[in-house]
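Asker: Mind looking over this structure? Questions follow.
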Amino acid sequence: MDTSHLFTAALRLQSPWKVGSVDFRDADGGRQELRIMIVFEPGARFPCPETGCREDACPVHDRRARVWRHLDFFRYKAFIHAAMPRVTCPEHGVRTVPAPWAGPGGGFTLLFEAWAVET
Ligand SMILES: [Zn+2]
């Protein structure tokens with residue numbers, strides 16, 4: 001099992017989402033960072049995010065790069081990167097697909113939020 005598969009499983013990503021690459025790096029100031037790049041399968045279609053909409057295979061319109069802070073991974077500050085797709089729904093137009101690993105609009109992942117509440 002390579003690292004990308006391991007992190008795909010750890011983050012409970014489901015198709016078409018998967019971890020494309022994982023990068024451990026020394027950042028400025030001697031800090032160590034873990035950068036997890038999440039991608040989706042080329043050609044993937046997504047359900048319209050509008051509540052009650054039955055379009056479940058909208059084509060991707062474009063993508064927007066986003067970054068989320070994730071739980072520290074041992075001594076590494078962890079971040080998730082993804083180019084989030086916007087899809088075109090025939091009824092609702094262009095809509096942003098929500099990240100399955102993050103709450104709406106939040107910069108932190110769900111796991112990180114749960115941890116922050118407990119601490
Ligand atoms: Zn729709």
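In the structure tokens, each chain is lettered A, B, ... as it comes, each chain's residues begin at 1, and ligands are numbered from 1 in order of appearance.
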Please report, as a tab-separated table (two decimals) with C-alpha atoms, in the first residue's frame, each residue of chain A to which DSSP assigns helix (DSSP H, G or I) when run on this structure's backbone.

Answerer:
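Saved as selection-v5.tsv:
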chain	number	residue	atom	x	y	z
A	3	THR	CA	1.15	6.50	0.92
A	4	SER	CA	-1.60	7.93	-1.31
A	5	HIS	CA	-3.74	4.84	-0.82
A	6	LEU	CA	-3.13	4.94	2.92
A	7	PHE	CA	-4.28	8.55	3.20
A	8	THR	CA	-7.25	7.95	0.90
A	9	ALA	CA	-8.37	5.27	3.35
A	10	ALA	CA	-7.57	7.36	6.44
A	28	ASP	CA	10.19	28.04	6.61
A	29	GLY	CA	11.46	28.40	10.14
A	30	GLY	CA	12.24	24.72	10.53
A	110	LEU	CA	-14.54	18.06	10.16
A	111	LEU	CA	-11.98	15.99	12.04
A	112	PHE	CA	-10.03	19.07	13.02
A	113	GLU	CA	-13.21	20.78	14.22
A	114	ALA	CA	-14.15	17.76	16.34
A	115	TRP	CA	-10.67	17.76	17.87
A	116	ALA	CA	-10.77	21.53	18.51
A	117	VAL	CA	-14.09	21.17	20.37
A	118	GLU	CA	-12.73	18.40	22.60

Asker: Residues contacting ligand 1 - anything with an atom at most 8 Å away, using only C-alpha atoms and all ligand atoms - can you give me those as a ChimeraX atom specification?

Answerer: /A:47-55,89-93

Asker: Could those residues be written to a file, using N, CA and C atoms, as a tab-separated table (two decimals), in the first residue's frame?

Answerer:
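Result file follows (selection12.tsv):
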chain	number	residue	atom	x	y	z
A	47	PRO	N	-23.20	15.10	-8.27
A	47	PRO	CA	-24.59	15.51	-8.07
A	47	PRO	C	-24.68	17.02	-7.87
A	48	CYS	N	-25.79	17.62	-8.29
A	48	CYS	CA	-26.03	19.03	-8.03
A	48	CYS	C	-26.14	19.22	-6.52
A	49	PRO	N	-25.40	20.20	-5.94
A	49	PRO	CA	-25.41	20.40	-4.49
A	49	PRO	C	-26.71	21.04	-3.98
A	50	GLU	N	-27.55	21.52	-4.88
A	50	GLU	CA	-28.79	22.17	-4.46
A	50	GLU	C	-29.72	21.13	-3.80
A	51	THR	N	-30.26	21.46	-2.61
A	51	THR	CA	-31.12	20.53	-1.90
A	51	THR	C	-32.33	20.16	-2.74
A	52	GLY	N	-32.58	18.86	-2.84
A	52	GLY	CA	-33.76	18.39	-3.54
A	52	GLY	C	-33.58	18.25	-5.05
A	53	CYS	N	-32.44	18.68	-5.57
A	53	CYS	CA	-32.22	18.56	-7.01
A	53	CYS	C	-31.88	17.12	-7.35
A	54	ARG	N	-32.45	16.64	-8.44
A	54	ARG	CA	-32.24	15.24	-8.78
A	54	ARG	C	-31.17	15.02	-9.84
A	55	GLU	N	-30.54	16.11	-10.28
A	55	GLU	CA	-29.44	15.94	-11.23
A	55	GLU	C	-28.25	15.33	-10.49
A	89	CYS	N	-25.45	22.56	-13.48
A	89	CYS	CA	-26.73	21.86	-13.38
A	89	CYS	C	-27.67	22.50	-14.41
A	90	PRO	N	-28.38	21.67	-15.19
A	90	PRO	CA	-29.29	22.24	-16.19
A	90	PRO	C	-30.36	23.13	-15.55
A	91	GLU	N	-30.69	22.87	-14.29
A	91	GLU	CA	-31.73	23.64	-13.62
A	91	GLU	C	-31.16	24.81	-12.82
A	92	HIS	N	-30.05	24.59	-12.12
A	92	HIS	CA	-29.54	25.59	-11.17
A	92	HIS	C	-28.31	26.35	-11.65
A	93	GLY	N	-27.78	25.97	-12.80
A	93	GLY	CA	-26.60	26.67	-13.29
A	93	GLY	C	-25.34	26.18	-12.59

Asker: With distances taken over only C-alpha atoms, which of A:Val94, A:Ala99, A:Val39, A:Val67 is nearest to A:Trp17?

Answerer: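 Checking each candidate against A:Trp17, we get A:Val39 as the closest.
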
Asker: What does the distance between atom CA of A:Phe40 and atom CA of A:Lys18 come to in Å, to one decimal place?

Answerer: 6.1 Å

Asker: Report the distance between atom CA of A:Arg75 and atom CA of A:Leu13 in Å, rounded to one decimal place.

Answerer: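 These atoms are spaced 23.4 Å apart.
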
Asker: Taking into account only C-alpha atoms, which residue in the set A:Val60, A:Ala27, A:Ala78, A:Leu71 is nearest to A:Gly43?

Answerer: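 Selected residue with least distance to A:Gly43: A:Val60.
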
Asker: What separation in Å, quoted to one decimal, exists between atom CA of A:Arg86 and atom CA of A:Ser15?

Answerer: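 Separating atom CA of A:Arg86 from atom CA of A:Ser15 is a distance of 17.0 Å.
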
Asker: Measuring atom to atom with only C-alpha atoms, identify which of A:Phe74, A:Asp26, A:Pro59, A:Thr96 is nearest to A:Pro42.

Answerer: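 So, comparing all the options, the nearest one is A:Pro59.
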
Asker: Name the residues in contact with A:His61 at a cut-off of 9 Å, using only C-alpha atoms, excluding same-chain residues fewer than 3 positions from it; report them as a ChimeraX atom specification.

Answerer: /A:58,85-88,94-95
